[in-house]
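Trainee: If it helps, the file is called start.cif and holds mmCIF, C-alpha atoms and all ligand atoms:
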data_start
#
loop_
_atom_site.label_atom_id
_atom_site.label_comp_id
_atom_site.auth_asym_id
_atom_site.auth_seq_id
_atom_site.Cartn_x
_atom_site.Cartn_y
_atom_site.Cartn_z
CA MET A 1 -10.80 -31.45 -44.67
CA ASN A 2 -8.92 -34.14 -46.63
CA LYS A 3 -7.28 -33.55 -49.99
CA ASN A 4 -9.99 -35.42 -51.93
CA SER A 5 -12.75 -33.20 -50.61
CA LEU A 6 -10.56 -30.16 -51.30
CA LEU A 7 -10.24 -31.37 -54.89
CA GLU A 8 -14.02 -31.72 -55.13
CA ASP A 9 -14.34 -28.12 -53.92
CA PHE A 10 -12.08 -27.09 -56.75
CA TYR A 11 -14.04 -29.08 -59.30
CA GLY A 12 -13.97 -27.19 -62.56
CA ALA A 13 -11.70 -24.41 -61.28
CA THR A 14 -8.39 -23.73 -62.99
CA ILE A 15 -5.41 -22.58 -60.95
CA GLY A 16 -2.80 -20.39 -62.64
CA ILE A 17 0.67 -19.71 -61.26
CA ILE A 18 2.51 -16.69 -62.64
CA GLY A 19 6.25 -17.10 -62.10
CA PHE A 20 7.98 -20.45 -62.04
CA GLY A 21 11.09 -19.56 -60.07
CA HIS A 22 12.11 -20.76 -56.62
CA LEU A 23 8.68 -20.26 -55.11
CA GLY A 24 6.41 -20.81 -58.15
CA HIS A 25 7.69 -24.32 -58.87
CA SER A 26 7.44 -25.32 -55.20
CA LEU A 27 3.74 -24.34 -55.26
CA ALA A 28 2.97 -26.14 -58.55
CA VAL A 29 4.63 -29.45 -57.70
CA PRO A 30 2.54 -30.27 -54.58
CA LEU A 31 -0.70 -29.23 -56.29
CA VAL A 32 -0.17 -31.89 -58.97
CA ARG A 33 1.27 -34.35 -56.47
CA ASN A 34 -1.91 -33.96 -54.39
CA GLY A 35 -4.17 -34.69 -57.33
CA LEU A 36 -4.89 -31.44 -59.21
CA PRO A 37 -5.23 -32.59 -62.85
CA LYS A 38 -2.59 -30.95 -65.05
CA GLU A 39 -5.37 -29.70 -67.38
CA ARG A 40 -6.48 -27.50 -64.50
CA LEU A 41 -3.06 -26.00 -63.84
CA MET A 42 -1.66 -23.13 -65.90
CA ILE A 43 1.89 -21.82 -65.48
CA SER A 44 3.54 -18.77 -67.00
CA HIS A 45 6.98 -17.20 -66.69
CA ARG A 46 8.92 -14.37 -68.31
CA GLY A 47 10.53 -16.60 -70.92
CA SER A 48 13.83 -17.83 -69.57
CA GLU A 49 15.03 -21.01 -71.30
CA ALA A 50 16.24 -22.46 -68.00
CA THR A 51 12.80 -22.03 -66.44
CA ARG A 52 11.12 -23.67 -69.42
CA ASN A 53 13.53 -26.61 -69.20
CA HIS A 54 12.79 -26.91 -65.49
CA ALA A 55 9.05 -27.14 -66.20
CA VAL A 56 9.69 -29.78 -68.90
CA LYS A 57 11.87 -31.77 -66.49
CA LEU A 58 9.08 -31.73 -63.90
CA GLY A 59 6.58 -33.01 -66.48
CA LEU A 60 4.65 -29.73 -66.48
CA GLU A 61 5.31 -28.61 -70.08
CA SER A 62 1.62 -28.96 -71.00
CA CYS A 63 0.73 -26.42 -68.27
CA LEU A 64 2.90 -23.65 -69.74
CA THR A 65 1.07 -20.74 -71.29
CA ASP A 66 1.37 -16.98 -71.82
CA THR A 67 0.75 -14.70 -68.85
CA PRO A 68 -2.19 -12.76 -70.43
CA VAL A 69 -3.89 -16.06 -71.38
CA LEU A 70 -3.42 -17.38 -67.85
CA MET A 71 -4.71 -14.18 -66.29
CA SER A 72 -7.82 -14.05 -68.46
CA ARG A 73 -8.73 -17.73 -67.98
CA ALA A 74 -7.67 -18.95 -64.53
CA ASP A 75 -10.23 -18.90 -61.72
CA ILE A 76 -7.49 -18.71 -59.09
CA ILE A 77 -4.35 -16.76 -60.00
CA ILE A 78 -1.26 -17.08 -57.83
CA VAL A 79 1.30 -14.35 -58.41
CA ALA A 80 4.80 -15.65 -57.65
CA THR A 81 6.95 -13.09 -59.45
CA ARG A 82 9.30 -10.67 -57.72
CA PRO A 83 7.55 -7.54 -56.49
CA GLN A 84 9.66 -5.44 -58.86
CA ASP A 85 8.01 -7.25 -61.82
CA VAL A 86 4.42 -6.69 -60.77
CA LEU A 87 3.80 -3.87 -63.23
CA SER A 88 4.76 -6.09 -66.15
CA LEU A 89 1.61 -8.15 -65.46
CA PRO A 90 -1.63 -7.23 -67.26
CA GLY A 91 -3.68 -6.96 -64.06
CA ASP A 92 -6.75 -5.62 -65.88
CA VAL A 93 -7.39 -8.80 -67.89
CA VAL A 94 -8.31 -10.84 -64.79
CA LYS A 95 -11.83 -12.12 -65.31
CA PRO A 96 -14.52 -10.90 -62.91
CA GLY A 97 -14.86 -13.12 -59.86
CA SER A 98 -11.39 -14.65 -60.14
CA LEU A 99 -9.28 -14.84 -57.03
CA VAL A 100 -5.81 -13.26 -57.18
CA ILE A 101 -3.40 -14.47 -54.48
CA SER A 102 -0.20 -12.46 -54.25
CA CYS A 103 2.85 -14.17 -52.73
CA MET A 104 4.99 -11.08 -53.29
CA ALA A 105 6.71 -9.96 -50.11
CA GLY A 106 6.14 -6.35 -49.20
CA LEU A 107 3.35 -5.42 -51.61
CA PRO A 108 0.40 -4.25 -49.51
CA ILE A 109 -3.17 -5.10 -50.34
CA ASP A 110 -4.19 -1.49 -51.12
CA LEU A 111 -1.49 -1.27 -53.79
CA LEU A 112 -2.30 -4.72 -55.22
CA LYS A 113 -5.93 -3.70 -55.64
CA THR A 114 -4.86 -0.82 -57.89
CA ILE A 115 -3.01 -3.29 -60.13
CA PHE A 116 -5.26 -6.37 -60.30
CA ARG A 117 -8.93 -6.73 -61.02
CA GLY A 118 -10.68 -9.53 -59.12
CA ASP A 119 -10.74 -10.56 -55.51
CA VAL A 120 -7.21 -9.84 -54.23
CA ARG A 121 -5.55 -11.57 -51.25
CA ARG A 122 -2.03 -11.78 -49.90
CA MET A 123 -0.31 -14.89 -48.67
CA MET A 124 3.15 -15.46 -47.27
CA CYS A 125 4.76 -18.84 -46.91
CA SER A 126 7.97 -20.50 -45.80
CA GLY A 127 10.69 -21.24 -48.34
CA PRO A 128 10.54 -23.73 -51.23
CA ASP A 129 12.49 -26.49 -49.44
CA THR A 130 10.05 -26.68 -46.54
CA ILE A 131 7.06 -26.70 -48.92
CA LEU A 132 8.51 -29.50 -51.06
CA GLU A 133 9.32 -31.50 -47.90
CA GLY A 134 5.67 -31.14 -46.78
CA ARG A 135 6.66 -28.89 -43.86
CA GLY A 136 5.56 -25.62 -45.37
CA VAL A 137 3.60 -23.03 -43.41
CA ALA A 138 1.65 -20.04 -44.67
CA THR A 139 -0.51 -17.18 -43.60
CA MET A 140 -2.92 -15.02 -45.56
CA TYR A 141 -4.56 -11.62 -45.33
CA PRO A 142 -7.44 -11.00 -45.43
CA ALA A 143 -8.73 -14.43 -44.40
CA ASP A 144 -10.43 -16.24 -47.27
CA PRO A 145 -11.79 -19.80 -47.52
CA ARG A 146 -10.70 -20.32 -51.17
CA THR A 147 -7.12 -19.21 -50.42
CA ASP A 148 -7.19 -21.49 -47.40
CA ASP A 149 -8.24 -24.44 -49.61
CA VAL A 150 -5.51 -23.76 -52.18
CA LEU A 151 -2.82 -23.62 -49.49
CA ARG A 152 -4.10 -26.84 -47.91
CA LEU A 153 -4.05 -28.55 -51.29
CA MET A 154 -0.38 -27.55 -51.47
CA GLY A 155 0.06 -29.38 -48.17
CA MET A 156 0.77 -26.25 -46.15
CA ARG A 157 -0.19 -25.63 -42.55
CA ILE A 158 -2.02 -22.35 -42.19
CA PHE A 159 -1.54 -19.88 -39.39
CA GLY A 160 -4.01 -17.00 -39.09
CA SER A 161 -3.13 -13.33 -39.43
CA SER A 162 -5.82 -10.88 -38.43
CA PHE A 163 -4.12 -7.67 -39.56
CA GLU A 164 -1.76 -6.95 -42.43
CA GLU A 165 1.28 -6.08 -40.33
CA GLU A 166 0.95 -9.53 -38.80
CA LEU A 167 1.49 -11.07 -42.25
CA ASP A 168 4.57 -8.86 -42.66
CA SER A 169 5.84 -10.02 -39.27
CA PHE A 170 5.41 -13.60 -40.52
CA THR A 171 7.82 -12.73 -43.38
CA VAL A 172 10.42 -11.96 -40.71
CA GLY A 173 9.55 -15.12 -38.76
CA ILE A 174 10.13 -17.46 -41.68
CA CYS A 175 13.69 -16.09 -41.96
CA ILE A 176 14.48 -17.22 -38.40
CA PRO A 177 15.28 -20.92 -39.10
CA ALA A 178 18.01 -20.02 -41.63
CA ILE A 179 19.64 -17.83 -38.99
CA LEU A 180 19.34 -20.35 -36.17
CA LEU A 181 20.81 -23.11 -38.32
CA ASN A 182 23.80 -20.98 -39.21
CA MET A 183 24.70 -18.94 -36.14
CA ARG A 184 25.34 -19.98 -32.57
CA LEU A 185 23.11 -17.73 -30.46
CA ASP A 186 22.06 -17.43 -26.87
CA GLU A 187 18.95 -19.62 -26.55
CA ASP A 188 17.30 -17.49 -23.87
CA ASP A 189 17.82 -14.33 -25.91
CA VAL A 190 16.21 -16.02 -28.95
CA LYS A 191 13.29 -17.37 -26.91
CA SER A 192 12.50 -14.08 -25.21
CA ALA A 193 12.72 -12.16 -28.51
CA ILE A 194 10.28 -14.57 -30.18
CA LEU A 195 7.93 -14.32 -27.19
CA GLY A 196 8.15 -10.53 -27.52
CA MET A 197 7.00 -10.84 -31.16
CA GLU A 198 4.19 -13.13 -30.05
CA ARG A 199 2.85 -10.48 -27.66
CA ARG A 200 2.49 -8.10 -30.60
CA TYR A 201 1.74 -10.59 -33.36
CA PRO A 202 -0.28 -13.62 -32.17
CA VAL A 203 0.71 -15.61 -35.30
CA TYR A 204 4.09 -16.15 -33.59
CA GLY A 205 2.37 -18.54 -31.18
CA ALA A 206 2.04 -21.10 -33.98
CA LEU A 207 5.16 -19.95 -35.82
CA ARG A 208 7.28 -20.60 -32.71
CA GLY A 209 6.37 -24.31 -32.80
CA TRP A 210 7.25 -24.54 -36.49
CA ILE A 211 10.60 -22.78 -35.95
CA GLU A 212 11.49 -25.31 -33.23
CA GLU A 213 10.41 -28.17 -35.49
CA VAL A 214 12.56 -27.16 -38.47
CA THR A 215 15.62 -26.17 -36.43
CA PRO A 216 16.40 -29.07 -34.11
CA PRO A 217 19.82 -28.52 -32.49
CA ASP A 218 21.35 -31.54 -34.26
CA LEU A 219 20.61 -29.94 -37.62
CA ALA A 220 22.86 -26.97 -36.91
CA LEU A 221 25.86 -26.94 -39.21
CA ASP A 222 29.49 -27.26 -38.19
CA THR A 223 30.99 -23.90 -37.33
CA ASP A 224 33.17 -23.86 -40.49
CA ASP A 225 30.16 -24.24 -42.77
CA ARG A 226 28.04 -21.64 -41.02
CA ARG A 227 29.30 -18.33 -42.39
CA ALA A 228 29.34 -19.58 -46.01
CA ASN A 229 25.89 -21.09 -45.70
CA LEU A 230 24.48 -17.91 -44.21
CA GLU A 231 25.64 -16.02 -47.28
CA ASN A 232 23.87 -18.59 -49.47
CA VAL A 233 20.54 -18.31 -47.72
CA SER A 234 20.58 -14.50 -47.42
CA THR A 235 19.37 -12.47 -50.37
CA LYS A 236 21.56 -9.39 -50.74
CA GLY A 237 19.67 -6.46 -49.25
CA GLY A 238 16.94 -8.77 -47.97
CA ILE A 239 15.42 -9.30 -44.55
CA THR A 240 17.61 -12.24 -43.46
CA GLN A 241 20.75 -10.31 -44.31
CA ALA A 242 19.57 -7.24 -42.40
CA MET A 243 18.87 -9.42 -39.36
CA THR A 244 22.21 -11.25 -39.49
CA SER A 245 24.12 -7.97 -39.80
CA VAL A 246 22.70 -6.90 -36.44
CA LEU A 247 23.70 -10.23 -34.87
CA LEU A 248 27.19 -10.18 -36.37
CA GLU A 249 27.68 -6.71 -34.86
CA GLY A 250 26.78 -8.13 -31.44
CA GLY A 251 23.16 -6.96 -31.30
CA SER A 252 20.47 -8.95 -29.50
CA PHE A 253 18.02 -11.26 -31.26
CA GLY A 254 15.23 -8.83 -30.40
CA ALA A 255 17.16 -6.04 -32.15
CA ALA A 256 17.63 -8.35 -35.16
CA LEU A 257 13.87 -9.02 -35.36
CA ARG A 258 13.12 -5.30 -35.12
CA ARG A 259 15.63 -4.64 -37.90
CA GLY A 260 13.94 -7.38 -39.97
CA MET A 261 10.59 -5.59 -39.61
CA GLU A 262 12.21 -2.26 -40.46
CA ARG A 263 13.96 -3.73 -43.53
CA GLY A 264 10.63 -5.18 -44.68
CA GLN A 265 9.09 -1.70 -44.45
CA GLU A 266 12.03 -0.14 -46.31
CA ILE A 267 11.60 -2.69 -49.12
CA THR A 268 7.85 -1.96 -49.24
CA ASP A 269 8.43 1.79 -49.40
CA ALA A 270 11.02 1.44 -52.16
CA ILE A 271 8.76 -0.80 -54.24
CA ARG A 272 5.78 1.48 -53.71
CA ALA A 273 7.81 4.48 -54.88
CA GLU A 274 9.13 2.54 -57.88
CA ILE A 275 5.63 1.39 -58.83
CA MET A 276 4.18 4.90 -58.47
CA THR A 277 6.93 6.30 -60.71
CA SER A 278 6.47 3.58 -63.34
CA SER A 279 2.68 3.94 -63.41
CA LYS A 280 2.99 7.73 -63.85
CA ARG A 281 5.39 7.08 -66.74
CA ALA A 282 2.93 4.64 -68.30
CA VAL A 283 0.02 7.13 -68.24
N1 LIG B 301 11.82 -17.75 -52.50
C1 LIG B 301 11.20 -17.75 -51.32
O1 LIG B 301 11.65 -18.38 -50.35
C2 LIG B 301 9.91 -17.01 -51.13
C3 LIG B 301 9.10 -17.26 -49.99
C4 LIG B 301 7.90 -16.56 -49.85
C5 LIG B 301 7.54 -15.60 -50.81
N2 LIG B 301 8.37 -15.36 -51.87
C6 LIG B 301 7.96 -14.37 -52.87
O2 LIG B 301 7.80 -15.06 -54.11
C7 LIG B 301 8.12 -14.21 -55.19
C8 LIG B 301 9.04 -14.94 -56.15
O3 LIG B 301 10.28 -15.23 -55.49
P1 LIG B 301 11.28 -16.27 -56.13
O4 LIG B 301 12.37 -16.45 -55.14
O5 LIG B 301 10.53 -17.47 -56.62
O6 LIG B 301 11.81 -15.43 -57.41
P2 LIG B 301 12.48 -16.01 -58.74
O7 LIG B 301 13.11 -17.31 -58.48
O8 LIG B 301 13.30 -14.90 -59.29
O9 LIG B 301 11.24 -16.27 -59.74
C9 LIG B 301 10.53 -15.22 -60.33
C10 LIG B 301 9.72 -15.78 -61.50
O10 LIG B 301 8.90 -14.74 -62.02
C11 LIG B 301 8.88 -14.86 -63.43
N3 LIG B 301 8.44 -13.59 -64.04
C12 LIG B 301 9.01 -12.37 -64.01
N4 LIG B 301 8.27 -11.48 -64.73
C13 LIG B 301 7.21 -12.19 -65.21
C14 LIG B 301 6.09 -11.85 -66.03
N5 LIG B 301 5.92 -10.63 -66.51
N6 LIG B 301 5.20 -12.83 -66.34
C15 LIG B 301 5.36 -14.08 -65.86
N7 LIG B 301 6.40 -14.45 -65.08
C16 LIG B 301 7.31 -13.52 -64.76
C17 LIG B 301 10.28 -15.27 -63.78
O11 LIG B 301 10.30 -15.83 -65.09
P3 LIG B 301 11.67 -16.41 -65.76
O12 LIG B 301 12.04 -17.60 -64.94
O13 LIG B 301 11.28 -16.76 -67.13
O14 LIG B 301 12.67 -15.30 -65.64
C18 LIG B 301 10.57 -16.29 -62.67
O15 LIG B 301 10.12 -17.57 -63.06
C19 LIG B 301 8.73 -12.94 -54.59
O16 LIG B 301 7.78 -11.91 -54.68
C20 LIG B 301 9.00 -13.27 -53.14
O17 LIG B 301 8.75 -12.18 -52.28
C21 LIG B 301 9.52 -16.05 -52.07
#
I'd like the structure from this file rewritten - as structure tokens, please.
Ligand SMILES: NC(=O)c1ccc[n+]([C@@H]2O[C@H](COP(=O)([O-])OP(=O)(O)OC[C@H]3O[C@@H](n4cnc5c(N)ncnc54)[C@H](OP(=O)(O)O)[C@@H]3O)[C@@H](O)[C@H]2O)c1
Mentor:
Amino acid sequence: MNKNSLLEDFYGATIGIIGFGHLGHSLAVPLVRNGLPKERLMISHRGSEATRNHAVKLGLESCLTDTPVLMSRADIIIVATRPQDVLSLPGDVVKPGSLVISCMAGLPIDLLKTIFRGDVRRMMCSGPDTILEGRGVATMYPADPRTDDVLRLMGMRIFGSSFEEELDSFTVGICIPAILLNMRLDEDDVKSAILGMERRYPVYGALRGWIEEVTPPDLALDTDDRRANLENVSTKGGITQAMTSVLLEGGSFGAALRRGMERGQEITDAIRAEIMTSSKRAV
């Protein structure tokens, strides 16, 4: 389907993006670039001056609004805050029938449904740079035609996930290019580890092609730049860092991918516990 017919499908619908950080802005920019009228885009953030200035600089000042207003009016709500901030969102003001798409890594659908009213979906996508360059990829769970349309309007390629753990495995997969660009690794070890993931998670069939596309050998950095760059692209305590620690200690790429999955689960468990504690406190 081309972008014009996607826009027709969206006729009258308003898309709201909560969170205008690294990911949120990279989702808003292509929507407008691909023709979504600004009057049909709402954006909210927590209130940082720098974020507001960023929106102004991108010509999106008129889209800024308060989070409760966005949540009660938008037909499609994209949640691009950090998982730790999810309980600060008034999930019960979502209007009936609205679609809520969570981009938050690690928050499972059963938990999201206890927080947000509406039709809740998860999506996971590659990083902001790839999206802004038009090379972004995404997956969603459960499958949903409206989520599919929104992602296509953002210019993303969509790879299917048929079970939730497959979406979580995708979160590990999108960390792979940063590692390959910054570490010299045994090619056969990398290939066989990715094929191993593909046997368990079919989404890696498509993801493998994307990884090769965004990490051509000539893009790899000079050795001197590698270690510093790896620190830049790895969030402290995040999945990429957990994977690189295994590799730096001499572990195989397969062991690094397994550690990435494990780290994802640890993050999920910690957030779930934190959310449970906070919701008990709020009652
Ligand atoms: N970055 C990536 O490569 C990537 C890729 C895929 C998925 N994700 C997911 O995307 C989410 C955001 O990541 P990020 O890197 O974009 O984080 P980020 O740069 O820290 O941005 C978070 C944004 O959330 C806003 N926010 C926090 N509490 C809010 C509230 N109550 N109401 C409205 N906005 C609120 C913040 O507002 P202020 O700016 O005003 O503080 C900020 O704009 C995470 O859940 C992550 O798992 C990220």
Trainee: Given a cut-off of 6 Å, what residues near ligand LIG 301 (chain B) show up using all atoms listed in the file, put as a ChimeraX atom specification?
Mentor: /A:18-24,44-48,51,67,80-83,85,88-89,103-105,124-128
Trainee: Set the distance at 9 Å and use all atoms listed in the file: which residues neighbour Thr65 of chain A once local chain neighbours fewer than 3 positions away are removed? I'd like the list as an MDAnalysis selection string.
Mentor: chainID A and resid 42:45 62 68:70
Trainee: Under the rule that all atoms listed in the file are counted, which of A:Asp149, A:Val32, A:Asp188, A:Trp210 is the nearest residue to Thr130 of chain A?
Mentor: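 Counting all atoms listed in the file, the residue closest to Thr130 of chain A is A:Trp210.
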Trainee: Choose the residue, out of A:Leu167, A:Val214, A:Leu207, A:Ala255, that has the smallest atom-to-atom separation from Val190 of chain A; count all atoms listed in the file.
Mentor: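 Counting all atoms listed in the file, the residue closest to Val190 of chain A is A:Ala255.
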Trainee: Excluding segment 236-250 of chain A and residues on its chain fewer than 2 positions from it, collect all residues at most 7 Å away from it, counting only C-alpha atoms, and give them as JSON, numbers by chain.
Mentor: {"A": [172, 175, 234, 252, 253, 256, 257, 259, 260, 263, 264]}
Trainee: Compare A:Lys57, A:Pro90, A:Leu151, A:Ala143 by their minimum atom-to-atom distance to Asn34 of chain A, counting only C-alpha atoms, and give me the closest one.
Mentor: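 For Asn34 of chain A, the nearest of the candidates is A:Leu151.
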Trainee: At what distance in Å, to one decimal, does atom CA of Thr114 of chain A lie from atom CA of Gly91 of chain A?
Mentor: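 Atom-to-atom, atom CA of Gly91 of chain A to atom CA of Thr114 of chain A, that is 8.8 Å.
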Trainee: Quote the spacing between atom CA of Asn53 of chain A and atom CA of Leu87 of chain A in Å to one decimal place.
Mentor: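 Those two atoms sit 25.4 Å apart.
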